[in-house]
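Shown here: start20.pdb, PDB, C-alpha atoms.
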ATOM      1  CA  MET E 415       5.536  24.931-117.448
ATOM      2  CA  THR E 416       4.700  24.085-113.882
ATOM      3  CA  PRO E 417       5.942  26.702-111.432
ATOM      4  CA  ARG E 418       8.641  25.285-109.187
ATOM      5  CA  TRP E 419       6.612  25.784-105.988
ATOM      6  CA  MET E 420       3.907  23.524-107.320
ATOM      7  CA  LEU E 421       6.191  20.570-107.964
ATOM      8  CA  PRO E 422       5.989  19.034-104.478
ATOM      9  CA  ILE E 423       2.202  19.314-104.633
ATOM     10  CA  VAL E 424       2.041  17.684-108.046
ATOM     11  CA  ALA E 425       4.400  14.953-106.850
ATOM     12  CA  ALA E 426       2.272  14.394-103.763
ATOM     13  CA  LEU E 427      -0.876  14.137-105.862
ATOM     14  CA  LEU E 428       0.756  11.673-108.234
ATOM     15  CA  LEU E 429       2.048   9.555-105.366
ATOM     16  CA  GLY E 430      -1.309   9.709-103.691
ATOM     17  CA  ALA E 431      -3.007   8.582-106.860
ATOM     18  CA  SER E 432      -0.624   5.654-107.168
ATOM     19  CA  ILE E 433      -1.805   4.105-103.873
ATOM     20  CA  PRO E 434      -4.199   1.311-104.809
ATOM     21  CA  ALA E 435      -7.775   2.355-104.206
ATOM     22  CA  HIS E 436      -8.571  -0.798-102.220
ATOM     23  CA  ALA E 437      -6.152  -0.124 -99.335
ATOM     24  CA  ALA E 438      -8.589   1.690 -97.106
ATOM     25  CA  THR E 439      -8.467   2.196 -93.366
ATOM     26  CA  LEU E 440     -11.534   1.492 -91.309
ATOM     27  CA  GLN E 441     -12.015   2.514 -87.705
ATOM     28  CA  ILE E 442     -13.845   0.361 -85.193
ATOM     29  CA  THR E 443     -14.155   1.757 -81.688
ATOM     30  CA  MET E 444     -14.714   0.112 -78.339
ATOM     31  CA  GLU E 445     -16.498   2.413 -75.951
ATOM     32  CA  ASN E 446     -18.463   1.589 -72.844
ATOM     33  CA  LEU E 447     -18.162  -2.129 -73.646
ATOM     34  CA  VAL E 448     -19.629  -1.857 -77.153
ATOM     35  CA  PHE E 449     -18.030  -2.340 -80.588
ATOM     36  CA  ALA E 450     -19.091   0.369 -83.044
ATOM     37  CA  PRO E 451     -20.142  -0.059 -85.749
ATOM     38  CA  ALA E 452     -21.598  -3.441 -84.843
ATOM     39  CA  GLU E 453     -21.474  -4.442 -88.479
ATOM     40  CA  ALA E 454     -18.768  -3.190 -90.839
ATOM     41  CA  SER E 455     -17.581  -4.001 -94.356
ATOM     42  CA  ALA E 456     -14.034  -4.016 -95.690
ATOM     43  CA  LYS E 457     -11.864  -5.708 -98.302
ATOM     44  CA  VAL E 458      -8.794  -7.929 -98.156
ATOM     45  CA  GLY E 459      -5.783  -5.601 -97.844
ATOM     46  CA  ASP E 460      -7.678  -2.985 -95.840
ATOM     47  CA  THR E 461      -6.476  -1.939 -92.408
ATOM     48  CA  ILE E 462      -8.698  -1.952 -89.357
ATOM     49  CA  GLU E 463      -7.864   0.596 -86.683
ATOM     50  CA  TRP E 464      -9.187  -0.781 -83.413
ATOM     51  CA  ILE E 465      -9.674   2.223 -81.144
ATOM     52  CA  ASN E 466     -10.163   1.313 -77.510
ATOM     53  CA  LYS E 467     -11.675   4.285 -75.655
ATOM     54  CA  ASP E 468     -12.408   2.271 -72.508
ATOM     55  CA  ILE E 469     -10.397   2.008 -69.310
ATOM     56  CA  PHE E 470     -10.535  -1.775 -69.825
ATOM     57  CA  ALA E 471      -8.427  -4.010 -72.018
ATOM     58  CA  HIS E 472     -10.423  -5.593 -74.853
ATOM     59  CA  THR E 473      -9.843  -8.134 -77.586
ATOM     60  CA  ALA E 474     -11.322  -8.497 -81.050
ATOM     61  CA  THR E 475     -11.321 -12.246 -81.467
ATOM     62  CA  ALA E 476     -12.597 -13.855 -84.668
ATOM     63  CA  ARG E 477     -14.757 -16.889 -83.883
ATOM     64  CA  ASN E 478     -13.268 -18.681 -86.908
ATOM     65  CA  GLY E 479      -9.745 -18.151 -85.575
ATOM     66  CA  ASP E 480      -8.621 -15.782 -88.373
ATOM     67  CA  TRP E 481      -7.363 -13.140 -85.956
ATOM     68  CA  ASP E 482      -7.178 -12.235 -82.292
ATOM     69  CA  VAL E 483      -6.217  -8.646 -81.512
ATOM     70  CA  THR E 484      -5.657  -7.348 -77.971
ATOM     71  CA  MET E 485      -6.182  -3.652 -77.278
ATOM     72  CA  PRO E 486      -4.805  -2.214 -74.020
ATOM     73  CA  PRO E 487      -6.960   0.492 -72.360
ATOM     74  CA  LYS E 488      -7.091   3.795 -74.274
ATOM     75  CA  LYS E 489      -4.922   2.436 -77.108
ATOM     76  CA  THR E 490      -5.324   1.927 -80.856
ATOM     77  CA  VAL E 491      -4.088  -1.232 -82.577
ATOM     78  CA  THR E 492      -4.095  -1.889 -86.331
ATOM     79  CA  LEU E 493      -4.779  -5.087 -88.230
ATOM     80  CA  VAL E 494      -4.398  -5.733 -91.963
ATOM     81  CA  LEU E 495      -7.103  -8.042 -93.275
ATOM     82  CA  LYS E 496      -5.653 -11.012 -95.166
ATOM     83  CA  LYS E 497      -8.587 -13.369 -95.612
ATOM     84  CA  PRO E 498     -12.106 -12.772 -96.909
ATOM     85  CA  GLY E 499     -15.252 -13.899 -95.122
ATOM     86  CA  THR E 500     -18.101 -12.865 -92.867
ATOM     87  CA  ILE E 501     -16.385 -12.827 -89.523
ATOM     88  CA  GLU E 502     -18.207 -12.865 -86.225
ATOM     89  CA  TYR E 503     -15.941 -11.555 -83.519
ATOM     90  CA  TYR E 504     -16.167 -10.853 -79.793
ATOM     91  CA  CYS E 505     -14.100  -9.722 -76.814
ATOM     92  CA  ARG E 506     -12.647 -12.676 -74.896
ATOM     93  CA  PHE E 507     -12.595 -10.634 -71.690
ATOM     94  CA  HIS E 508     -16.159  -9.332 -72.073
ATOM     95  CA  PRO E 509     -18.035 -11.888 -74.161
ATOM     96  CA  ASN E 510     -21.164  -9.706 -74.242
ATOM     97  CA  MET E 511     -19.272  -7.534 -76.737
ATOM     98  CA  LYS E 512     -20.018  -8.963 -80.188
ATOM     99  CA  ALA E 513     -19.872  -7.634 -83.742
ATOM    100  CA  THR E 514     -19.495  -8.664 -87.390
ATOM    101  CA  LEU E 515     -16.947  -7.745 -90.034
ATOM    102  CA  ASN E 516     -17.645  -8.544 -93.700
ATOM    103  CA  VAL E 517     -14.367  -8.896 -95.574
ATOM    104  CA  ALA E 518     -14.773  -8.934 -99.367
ATOM    105  CA  PRO E 519     -12.045 -10.606-101.493
TER     106      PRO E 519
ATOM    107  CA  MET Q 921     -31.071   4.010 -48.960
ATOM    108  CA  PHE Q 922     -28.320   2.675 -46.716
ATOM    109  CA  VAL Q 923     -30.860   0.279 -45.274
ATOM    110  CA  ARG Q 924     -31.504  -1.184 -48.735
ATOM    111  CA  LEU Q 925     -27.792  -1.523 -49.317
ATOM    112  CA  SER Q 926     -27.457  -3.321 -46.037
ATOM    113  CA  ALA Q 927     -30.321  -5.632 -46.977
ATOM    114  CA  ALA Q 928     -28.783  -6.452 -50.348
ATOM    115  CA  ILE Q 929     -25.421  -7.107 -48.825
ATOM    116  CA  ALA Q 930     -26.719  -9.068 -45.876
ATOM    117  CA  ALA Q 931     -28.567 -11.294 -48.337
ATOM    118  CA  VAL Q 932     -25.387 -13.093 -49.283
ATOM    119  CA  SER Q 933     -23.489 -15.392 -47.007
ATOM    120  CA  LEU Q 934     -20.251 -13.549 -47.718
ATOM    121  CA  LEU Q 935     -21.395 -10.470 -45.975
ATOM    122  CA  GLY Q 936     -23.376 -11.714 -43.001
ATOM    123  CA  SER Q 937     -24.207  -9.204 -40.312
ATOM    124  CA  ALA Q 938     -24.168  -5.665 -41.530
ATOM    125  CA  ALA Q 939     -23.856  -2.645 -39.319
ATOM    126  CA  PHE Q 940     -25.092   0.422 -41.107
ATOM    127  CA  ALA Q 941     -26.032   3.939 -40.229
ATOM    128  CA  GLN Q 942     -29.770   3.505 -40.469
ATOM    129  CA  GLY Q 943     -31.452   5.836 -42.903
ATOM    130  CA  ALA Q 944     -28.282   7.747 -43.689
ATOM    131  CA  LYS Q 945     -27.408   8.395 -47.309
ATOM    132  CA  PRO Q 946     -23.811   7.753 -48.287
ATOM    133  CA  THR Q 947     -21.808  10.807 -49.321
ATOM    134  CA  ASP Q 948     -19.513  10.867 -52.373
ATOM    135  CA  PRO Q 949     -16.339  10.286 -50.291
ATOM    136  CA  GLN Q 950     -18.084   7.300 -48.673
ATOM    137  CA  ILE Q 951     -19.382   5.977 -51.996
ATOM    138  CA  ALA Q 952     -15.875   6.191 -53.481
ATOM    139  CA  HIS Q 953     -14.540   4.253 -50.479
ATOM    140  CA  ILE Q 954     -17.225   1.565 -50.723
ATOM    141  CA  ALA Q 955     -16.739   1.106 -54.472
ATOM    142  CA  TYR Q 956     -12.962   0.895 -54.124
ATOM    143  CA  THR Q 957     -13.212  -1.542 -51.225
ATOM    144  CA  ALA Q 958     -15.663  -3.751 -53.122
ATOM    145  CA  GLY Q 959     -13.220  -3.898 -56.043
ATOM    146  CA  ALA Q 960     -10.209  -4.604 -53.853
ATOM    147  CA  ILE Q 961     -12.085  -7.491 -52.215
ATOM    148  CA  ASP Q 962     -12.764  -9.126 -55.551
ATOM    149  CA  ILE Q 963      -9.133  -8.681 -56.635
ATOM    150  CA  ALA Q 964      -7.952 -10.395 -53.426
ATOM    151  CA  ALA Q 965     -10.342 -13.303 -53.991
ATOM    152  CA  ALA Q 966      -9.195 -13.641 -57.626
ATOM    153  CA  LYS Q 967      -5.543 -13.632 -56.594
ATOM    154  CA  LEU Q 968      -6.260 -16.403 -54.105
ATOM    155  CA  ALA Q 969      -8.039 -18.356 -56.844
ATOM    156  CA  LEU Q 970      -5.046 -17.967 -59.157
ATOM    157  CA  THR Q 971      -2.806 -19.623 -56.554
ATOM    158  CA  LYS Q 972      -5.246 -22.469 -55.875
ATOM    159  CA  THR Q 973      -7.148 -23.473 -58.985
ATOM    160  CA  GLY Q 974      -6.163 -25.947 -61.650
ATOM    161  CA  ASN Q 975      -9.273 -25.253 -63.712
ATOM    162  CA  LYS Q 976      -8.591 -23.186 -66.839
ATOM    163  CA  ASP Q 977     -12.049 -21.548 -66.928
ATOM    164  CA  ILE Q 978     -11.650 -20.390 -63.352
ATOM    165  CA  LYS Q 979      -8.148 -19.194 -64.038
ATOM    166  CA  ALA Q 980      -9.360 -17.143 -67.034
ATOM    167  CA  PHE Q 981     -12.259 -15.785 -64.982
ATOM    168  CA  ALA Q 982      -9.987 -14.798 -62.085
ATOM    169  CA  GLU Q 983      -7.576 -13.098 -64.502
ATOM    170  CA  ASP Q 984     -10.525 -11.110 -65.919
ATOM    171  CA  MET Q 985     -11.533 -10.061 -62.393
ATOM    172  CA  VAL Q 986      -8.044  -8.806 -61.555
ATOM    173  CA  ARG Q 987      -7.716  -6.944 -64.876
ATOM    174  CA  ASP Q 988     -11.143  -5.269 -64.818
ATOM    175  CA  HIS Q 989     -11.380  -4.440 -61.115
ATOM    176  CA  GLU Q 990      -7.855  -3.044 -61.111
ATOM    177  CA  ALA Q 991      -8.792  -0.866 -64.108
ATOM    178  CA  VAL Q 992     -11.890   0.484 -62.335
ATOM    179  CA  ASN Q 993     -10.014   1.085 -59.088
ATOM    180  CA  LYS Q 994      -7.158   2.822 -60.875
ATOM    181  CA  GLN Q 995      -9.709   5.111 -62.510
ATOM    182  CA  ALA Q 996     -11.443   5.661 -59.163
ATOM    183  CA  LEU Q 997      -8.163   6.734 -57.548
ATOM    184  CA  ALA Q 998      -7.410   9.090 -60.433
ATOM    185  CA  LEU Q 999     -10.887  10.573 -60.099
ATOM    186  CA  VAL Q1000     -10.772  11.190 -56.335
ATOM    187  CA  LYS Q1001      -7.369  12.799 -56.808
ATOM    188  CA  LYS Q1002      -8.699  15.025 -59.576
ATOM    189  CA  LEU Q1003     -11.746  15.989 -57.514
ATOM    190  CA  ASN Q1004      -9.585  16.475 -54.450
ATOM    191  CA  VAL Q1005     -11.802  14.113 -52.486
ATOM    192  CA  THR Q1006     -10.492  11.875 -49.728
ATOM    193  CA  PRO Q1007     -12.352   8.551 -49.684
ATOM    194  CA  GLU Q1008     -13.959   8.183 -46.297
ATOM    195  CA  ASP Q1009     -14.044   4.909 -44.411
ATOM    196  CA  ASN Q1010     -17.498   3.983 -43.172
ATOM    197  CA  ASP Q1011     -19.500   1.143 -41.670
ATOM    198  CA  THR Q1012     -20.414  -0.363 -45.045
ATOM    199  CA  SER Q1013     -16.761  -0.529 -46.112
ATOM    200  CA  LYS Q1014     -15.781  -1.963 -42.715
ATOM    201  CA  THR Q1015     -18.461  -4.646 -42.896
ATOM    202  CA  LEU Q1016     -17.483  -5.517 -46.453
ATOM    203  CA  SER Q1017     -13.818  -5.862 -45.482
ATOM    204  CA  LYS Q1018     -14.480  -7.873 -42.343
ATOM    205  CA  ASN Q1019     -16.779 -10.345 -44.080
ATOM    206  CA  ALA Q1020     -14.462 -10.626 -47.067
ATOM    207  CA  ALA Q1021     -11.551 -11.471 -44.777
ATOM    208  CA  ASP Q1022     -13.655 -14.226 -43.177
ATOM    209  CA  LYS Q1023     -14.682 -15.582 -46.570
ATOM    210  CA  LEU Q1024     -11.109 -15.516 -47.832
ATOM    211  CA  ALA Q1025      -9.977 -17.517 -44.787
ATOM    212  CA  GLU Q1026     -12.783 -20.006 -45.410
ATOM    213  CA  LEU Q1027     -11.887 -20.379 -49.105
ATOM    214  CA  GLY Q1028      -8.215 -20.676 -48.187
ATOM    215  CA  LYS Q1029      -8.920 -23.943 -46.377
ATOM    216  CA  LEU Q1030     -10.560 -25.576 -49.395
ATOM    217  CA  LYS Q1031      -8.810 -27.483 -52.157
ATOM    218  CA  GLY Q1032      -9.316 -28.608 -55.743
ATOM    219  CA  ALA Q1033     -12.876 -28.932 -57.029
ATOM    220  CA  GLU Q1034     -14.248 -27.951 -53.633
ATOM    221  CA  PHE Q1035     -12.402 -24.661 -53.775
ATOM    222  CA  ASP Q1036     -13.395 -24.014 -57.399
ATOM    223  CA  LYS Q1037     -17.067 -24.519 -56.628
ATOM    224  CA  ALA Q1038     -17.046 -22.360 -53.507
ATOM    225  CA  TYR Q1039     -15.062 -19.583 -55.184
ATOM    226  CA  VAL Q1040     -17.363 -19.348 -58.182
ATOM    227  CA  ALA Q1041     -20.529 -19.568 -56.071
ATOM    228  CA  ASN Q1042     -19.204 -16.723 -53.975
ATOM    229  CA  GLU Q1043     -18.354 -14.686 -57.087
ATOM    230  CA  VAL Q1044     -21.931 -15.049 -58.367
ATOM    231  CA  ALA Q1045     -23.380 -13.981 -55.005
ATOM    232  CA  TYR Q1046     -20.857 -11.211 -54.483
ATOM    233  CA  HIS Q1047     -21.352  -9.619 -57.904
ATOM    234  CA  LYS Q1048     -25.123  -9.839 -57.443
ATOM    235  CA  ALA Q1049     -24.858  -7.991 -54.132
ATOM    236  CA  VAL Q1050     -22.477  -5.358 -55.478
ATOM    237  CA  ASP Q1051     -24.570  -4.799 -58.617
ATOM    238  CA  SER Q1052     -27.661  -4.399 -56.517
ATOM    239  CA  ALA Q1053     -25.888  -1.956 -54.176
ATOM    240  CA  LEU Q1054     -24.645   0.039 -57.164
ATOM    241  CA  GLU Q1055     -28.091   0.164 -58.740
ATOM    242  CA  THR Q1056     -30.175   0.953 -55.699
ATOM    243  CA  THR Q1057     -27.829   2.965 -53.488
ATOM    244  CA  LEU Q1058     -24.453   4.021 -54.773
ATOM    245  CA  ILE Q1059     -25.388   5.334 -58.236
ATOM    246  CA  PRO Q1060     -28.584   7.160 -57.142
ATOM    247  CA  ASN Q1061     -26.771   8.849 -54.243
ATOM    248  CA  ALA Q1062     -23.622   9.859 -56.085
ATOM    249  CA  SER Q1063     -23.793  13.611 -56.635
ATOM    250  CA  ASN Q1064     -20.653  14.160 -58.713
ATOM    251  CA  ALA Q1065     -21.384  13.422 -62.392
ATOM    252  CA  GLU Q1066     -17.990  11.825 -63.068
ATOM    253  CA  LEU Q1067     -18.273   9.569 -60.030
ATOM    254  CA  LYS Q1068     -21.783   8.567 -61.118
ATOM    255  CA  SER Q1069     -20.557   7.831 -64.631
ATOM    256  CA  LEU Q1070     -17.679   5.676 -63.337
ATOM    257  CA  LEU Q1071     -20.096   3.745 -61.122
ATOM    258  CA  GLN Q1072     -22.358   3.200 -64.141
ATOM    259  CA  THR Q1073     -19.433   1.830 -66.145
ATOM    260  CA  GLY Q1074     -18.625  -0.329 -63.131
ATOM    261  CA  LEU Q1075     -22.185  -1.639 -63.003
ATOM    262  CA  LYS Q1076     -22.117  -2.552 -66.682
ATOM    263  CA  ILE Q1077     -18.857  -4.440 -66.386
ATOM    264  CA  PHE Q1078     -19.824  -6.136 -63.100
ATOM    265  CA  GLN Q1079     -23.097  -7.353 -64.625
ATOM    266  CA  GLY Q1080     -20.952  -9.017 -67.283
ATOM    267  CA  HIS Q1081     -18.853 -10.585 -64.507
ATOM    268  CA  GLU Q1082     -21.985 -11.905 -62.829
ATOM    269  CA  GLN Q1083     -23.080 -13.610 -66.074
ATOM    270  CA  HIS Q1084     -19.553 -14.903 -66.620
ATOM    271  CA  ALA Q1085     -19.443 -16.329 -63.074
ATOM    272  CA  GLU Q1086     -22.837 -17.992 -63.589
ATOM    273  CA  HIS Q1087     -21.567 -19.495 -66.846
ATOM    274  CA  VAL Q1088     -18.425 -20.836 -65.166
ATOM    275  CA  ALA Q1089     -20.508 -22.178 -62.264
ATOM    276  CA  ALA Q1090     -22.804 -24.009 -64.692
ATOM    277  CA  GLY Q1091     -19.763 -25.541 -66.393
ATOM    278  CA  LEU Q1092     -18.530 -27.027 -63.100
ATOM    279  CA  LYS Q1093     -21.581 -29.231 -62.588
TER     280      LYS Q1093
END
Encoding of this model in C-alpha cells:
Amino acid sequence: MTPRWMLPIVAALLLGASIPAHAATLQITMENLVFAPAEASAKVGDTIEWINKDIFAHTATARNGDWDVTMPPKKTVTLVLKKPGTIEYYCRFHPNMKATLNVAP
Amino acid sequence: MFVRLSAAIAAVSLLGSAAFAQGAKPTDPQIAHIAYTAGAIDIAAAKLALTKTGNKDIKAFAEDMVRDHEAVNKQALALVKKLNVTPEDNDTSKTLSKNAADKLAELGKLKGAEFDKAYVANEVAYHKAVDSALETTLIPNASNAELKSLLQTGLKIFQGHEQHAEHVAAGLK
C-alpha cells in the first residue's frame, strides 16, 4: 500500500515518464555577438530556447527559409522544430553571427 | 592619445578640422560623452537616410544603425547613471557634432542614387574613424571596467557595421 503522502510524487513520476523522450529542450545563447554552441544537434519536435544575453536585438534566420526567429535584447524566445535537416542560420542584423543546427527526423 | 584620436578623425572628410587638447588623455566622463555623441550622430544620419532612400539595402542598413546605436547609447546612459558620472562635453565631442551637422546638411541636399552613394561612403568612413578612435584612444584610456567593457562591445558591433557598409557600398556600383 502506498502511503497517501507519496501519491502526488508517484503521480508526478508517472506523468513525467509519459512525456515522450524525444521532446527535449535545447538552449542556444547569443552573447557578445556570438551564437553558442556554434553547432548543435536536435530532433524534430524538440524546442529551442533562444537566449539573448546581449543589449542588441538578434535574429536566428535559417538560410533555407525554414524559420526566422527575432529575439529582443535580454529576452528568451522558443521555437519548436518541425522539419529535419542541417540548417545553417545567421543573424540578419549582424550577419557575422553564424551557426549550424542539425535537426534529425 | 588625444592627438591620435584627432588624427584618425581628421582623416575622414566628415570630420575635417579637429580642435583637440594636445597631449591630454580623455577622462571617463569625457569618453562617455564622446561615445554617446558618436552614436547619436550615426542615428541622426540613419534617420535622414530612412526619409530619403528608396533602396532596400540602404533602408535595412539604416534600420540596423538606429537599432544598434540606440541600444548602445541606452546602455551608456544606464551605466553613467549607475556610476553617478556626468558625461562631460569636450572639444572632441564638439568637433564631432559640428562636422556631423555640416555633413548632414550636405547629404540633405542630395537625392536618389547620389544620396545613397554619399550616405554609404560616409558610413564606411565614419565607422572606420570611430572604430579607430575606440581602439587607439577611448578603450585604452577608459579606467572604469564596465565603461571599458561597453566600449569593447561597441567596437565589436561597429566593426560589423563597417563591413556591412562596405558590402552595401559594393552593391551600389
Care to translate the PyMOL selection byres ((chain E and resi 461) around 8) into actual residues of this file, as a JSON list (two decimals) with C-alpha atoms, keeping the file's coordinate frame?
[["chain", "number", "residue", "atom", "x", "y", "z"],
["E", 437, "ALA", "CA", -6.15, -0.12, -99.34],
["E", 438, "ALA", "CA", -8.59, 1.69, -97.11],
["E", 439, "THR", "CA", -8.47, 2.20, -93.37],
["E", 440, "LEU", "CA", -11.53, 1.49, -91.31],
["E", 459, "GLY", "CA", -5.78, -5.60, -97.84],
["E", 460, "ASP", "CA", -7.68, -2.98, -95.84],
["E", 462, "ILE", "CA", -8.70, -1.95, -89.36],
["E", 463, "GLU", "CA", -7.86, 0.60, -86.68],
["E", 492, "THR", "CA", -4.10, -1.89, -86.33],
["E", 493, "LEU", "CA", -4.78, -5.09, -88.23],
["E", 494, "VAL", "CA", -4.40, -5.73, -91.96],
["E", 495, "LEU", "CA", -7.10, -8.04, -93.28]]
Interface rows for chain Q against chain E: nearest pair, Å to one decimal, 9 Å, all atoms listed in the file, as CSV:
residue,atom,partner,partner_atom,distance
Q:Ala980,CA,E:Phe507,CA,8.6
Q:Phe981,CA,E:Phe507,CA,8.5
Q:Asp984,CA,E:Phe507,CA,6.1
Q:Arg987,CA,E:Phe470,CA,7.7
Q:Asp988,CA,E:Phe470,CA,6.1
Q:Ala991,CA,E:Phe470,CA,6.0
Q:Val992,CA,E:Ile469,CA,7.3
Q:Gln995,CA,E:Ile469,CA,7.5
Q:Thr1073,CA,E:Asn446,CA,6.8
Q:Lys1076,CA,E:Leu447,CA,8.0
Q:Ile1077,CA,E:Leu447,CA,7.7
Q:Gly1080,CA,E:His508,CA,6.8
Q:His1081,CA,E:His508,CA,8.1
Q:His1084,CA,E:Pro509,CA,8.3
Tell me which protein, DNA and RNA residues are within 9 Å of Ala958 (chain Q), counting only C-alpha atoms, leaving out same-chain ones fewer than 3 positions away, and put them as a compact mmCIF listing (two decimals) with C-alpha atoms, in the frame of the given file.
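As a result, around-v3.txt now contains:
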# COMPACT_ATOMS: atom_id res chain seq x y z
CA HIS Q 953 -14.54 4.25 -50.48
CA ILE Q 954 -17.23 1.56 -50.72
CA ALA Q 955 -16.74 1.11 -54.47
CA ILE Q 961 -12.08 -7.49 -52.22
CA ASP Q 962 -12.76 -9.13 -55.55
CA ILE Q 963 -9.13 -8.68 -56.64
CA SER Q 1013 -16.76 -0.53 -46.11
CA LEU Q 1016 -17.48 -5.52 -46.45
CA SER Q 1017 -13.82 -5.86 -45.48
CA VAL Q 1050 -22.48 -5.36 -55.48
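Here CA of Leu1003 (chain Q) stands at a distance of 17.9 Å from CA of Gln1072 (chain Q).
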Residue by residue, what does the PyMOL selection byres ((chain E and resi 474) around 6) grab here? Present the result as a PyMOL selection string. chain E and resi 473+475+482-483+504-505
Suppose a student applies the PyMOL selection byres ((chain E and resi 514) around 12) to this structure; what residues should they get, written as a PDB file with C-alpha atoms, in the coordinates of the input?
ATOM      1  CA  ILE E 442     -13.845   0.361 -85.193  1.00  0.00           C
ATOM      2  CA  PHE E 449     -18.030  -2.340 -80.588  1.00  0.00           C
ATOM      3  CA  ALA E 450     -19.091   0.369 -83.044  1.00  0.00           C
ATOM      4  CA  PRO E 451     -20.142  -0.059 -85.749  1.00  0.00           C
ATOM      5  CA  ALA E 452     -21.598  -3.441 -84.843  1.00  0.00           C
ATOM      6  CA  GLU E 453     -21.474  -4.442 -88.479  1.00  0.00           C
ATOM      7  CA  ALA E 454     -18.768  -3.190 -90.839  1.00  0.00           C
ATOM      8  CA  SER E 455     -17.581  -4.001 -94.356  1.00  0.00           C
ATOM      9  CA  ALA E 456     -14.034  -4.016 -95.690  1.00  0.00           C
ATOM     10  CA  ALA E 474     -11.322  -8.497 -81.050  1.00  0.00           C
ATOM     11  CA  THR E 475     -11.321 -12.246 -81.467  1.00  0.00           C
ATOM     12  CA  ALA E 476     -12.597 -13.855 -84.668  1.00  0.00           C
ATOM     13  CA  ARG E 477     -14.757 -16.889 -83.883  1.00  0.00           C
ATOM     14  CA  ASN E 478     -13.268 -18.681 -86.908  1.00  0.00           C
ATOM     15  CA  GLY E 499     -15.252 -13.899 -95.122  1.00  0.00           C
ATOM     16  CA  THR E 500     -18.101 -12.865 -92.867  1.00  0.00           C
ATOM     17  CA  ILE E 501     -16.385 -12.827 -89.523  1.00  0.00           C
ATOM     18  CA  GLU E 502     -18.207 -12.865 -86.225  1.00  0.00           C
ATOM     19  CA  TYR E 503     -15.941 -11.555 -83.519  1.00  0.00           C
ATOM     20  CA  TYR E 504     -16.167 -10.853 -79.793  1.00  0.00           C
ATOM     21  CA  CYS E 505     -14.100  -9.722 -76.814  1.00  0.00           C
ATOM     22  CA  MET E 511     -19.272  -7.534 -76.737  1.00  0.00           C
ATOM     23  CA  LYS E 512     -20.018  -8.963 -80.188  1.00  0.00           C
ATOM     24  CA  ALA E 513     -19.872  -7.634 -83.742  1.00  0.00           C
ATOM     25  CA  LEU E 515     -16.947  -7.745 -90.034  1.00  0.00           C
ATOM     26  CA  ASN E 516     -17.645  -8.544 -93.700  1.00  0.00           C
ATOM     27  CA  VAL E 517     -14.367  -8.896 -95.574  1.00  0.00           C
TER      28      VAL E 517
END
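Nearest residue to Gln1079 (chain Q), choosing from Q:Asn1064, Q:Ser1052, Q:Thr971, Q:Thr947 and counting only C-alpha atoms: Q:Ser1052.
For the atom pair formed by CA of Asn975 (chain Q) and CA of Lys1048 (chain Q), the distance is 23.0 Å, given to one decimal.
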Just checking: using only C-alpha atoms, which residue out of E:Lys488, E:Arg418, E:His472, E:Lys497 ends up closest to Val458 (chain E)? E:Lys497
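Relative to CA of Glu1082 (chain Q), CA of Ala1045 (chain Q) is found at 8.2 Å.
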Residue nearest Pro1007 (chain Q) among Q:Asp1036, Q:Asp1022, Q:Asp948, Q:Asp1051 (counting all atoms listed in the file): Q:Asp948
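The residue set within 10 Å of Asn1010 (chain Q), counting all atoms listed in the file and dropping same-chain residues fewer than 2 places from it, reads Ala939, Phe940, Ala941, Pro946, Pro949, Gln950, Ile951, His953, Ile954, Pro1007, Glu1008, Thr1012, Ser1013, Lys1014 and Thr1015 of chain Q.
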Just checking: using only C-alpha atoms, which residue out of Q:Ala964, Q:Ala982, Q:Glu1034, Q:Ala996 ends up closest to Lys1068 (chain Q)? Q:Ala996
Reconstructed region 435-445 of chain E, atom set N, CA and C atoms, as a compact mmCIF listing (two decimals), keeping the file's coordinate frame:
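File written: out25.txt
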# COMPACT_ATOMS: atom_id res chain seq x y z
N ALA E 435 -6.53 1.85 -104.78
CA ALA E 435 -7.78 2.36 -104.21
C ALA E 435 -8.31 1.42 -103.12
N HIS E 436 -7.94 0.14 -103.16
CA HIS E 436 -8.57 -0.80 -102.22
C HIS E 436 -7.96 -0.76 -100.82
N ALA E 437 -6.79 -0.12 -100.66
CA ALA E 437 -6.15 -0.12 -99.34
C ALA E 437 -6.74 0.96 -98.44
N ALA E 438 -7.91 0.71 -97.95
CA ALA E 438 -8.59 1.69 -97.11
C ALA E 438 -8.31 1.39 -95.63
N THR E 439 -8.58 2.39 -94.81
CA THR E 439 -8.47 2.20 -93.37
C THR E 439 -9.84 2.40 -92.74
N LEU E 440 -10.21 1.46 -91.93
CA LEU E 440 -11.53 1.49 -91.31
C LEU E 440 -11.36 1.55 -89.80
N GLN E 441 -12.14 2.42 -89.16
CA GLN E 441 -12.02 2.51 -87.70
C GLN E 441 -13.17 1.80 -87.01
N ILE E 442 -12.82 0.99 -86.03
CA ILE E 442 -13.84 0.36 -85.19
C ILE E 442 -13.50 0.72 -83.74
N THR E 443 -14.45 1.32 -83.06
CA THR E 443 -14.16 1.76 -81.69
C THR E 443 -14.78 0.82 -80.66
N MET E 444 -14.16 0.81 -79.50
CA MET E 444 -14.71 0.11 -78.34
C MET E 444 -14.94 1.17 -77.29
N GLU E 445 -16.19 1.40 -76.95
CA GLU E 445 -16.50 2.41 -75.95
C GLU E 445 -17.65 1.94 -75.09
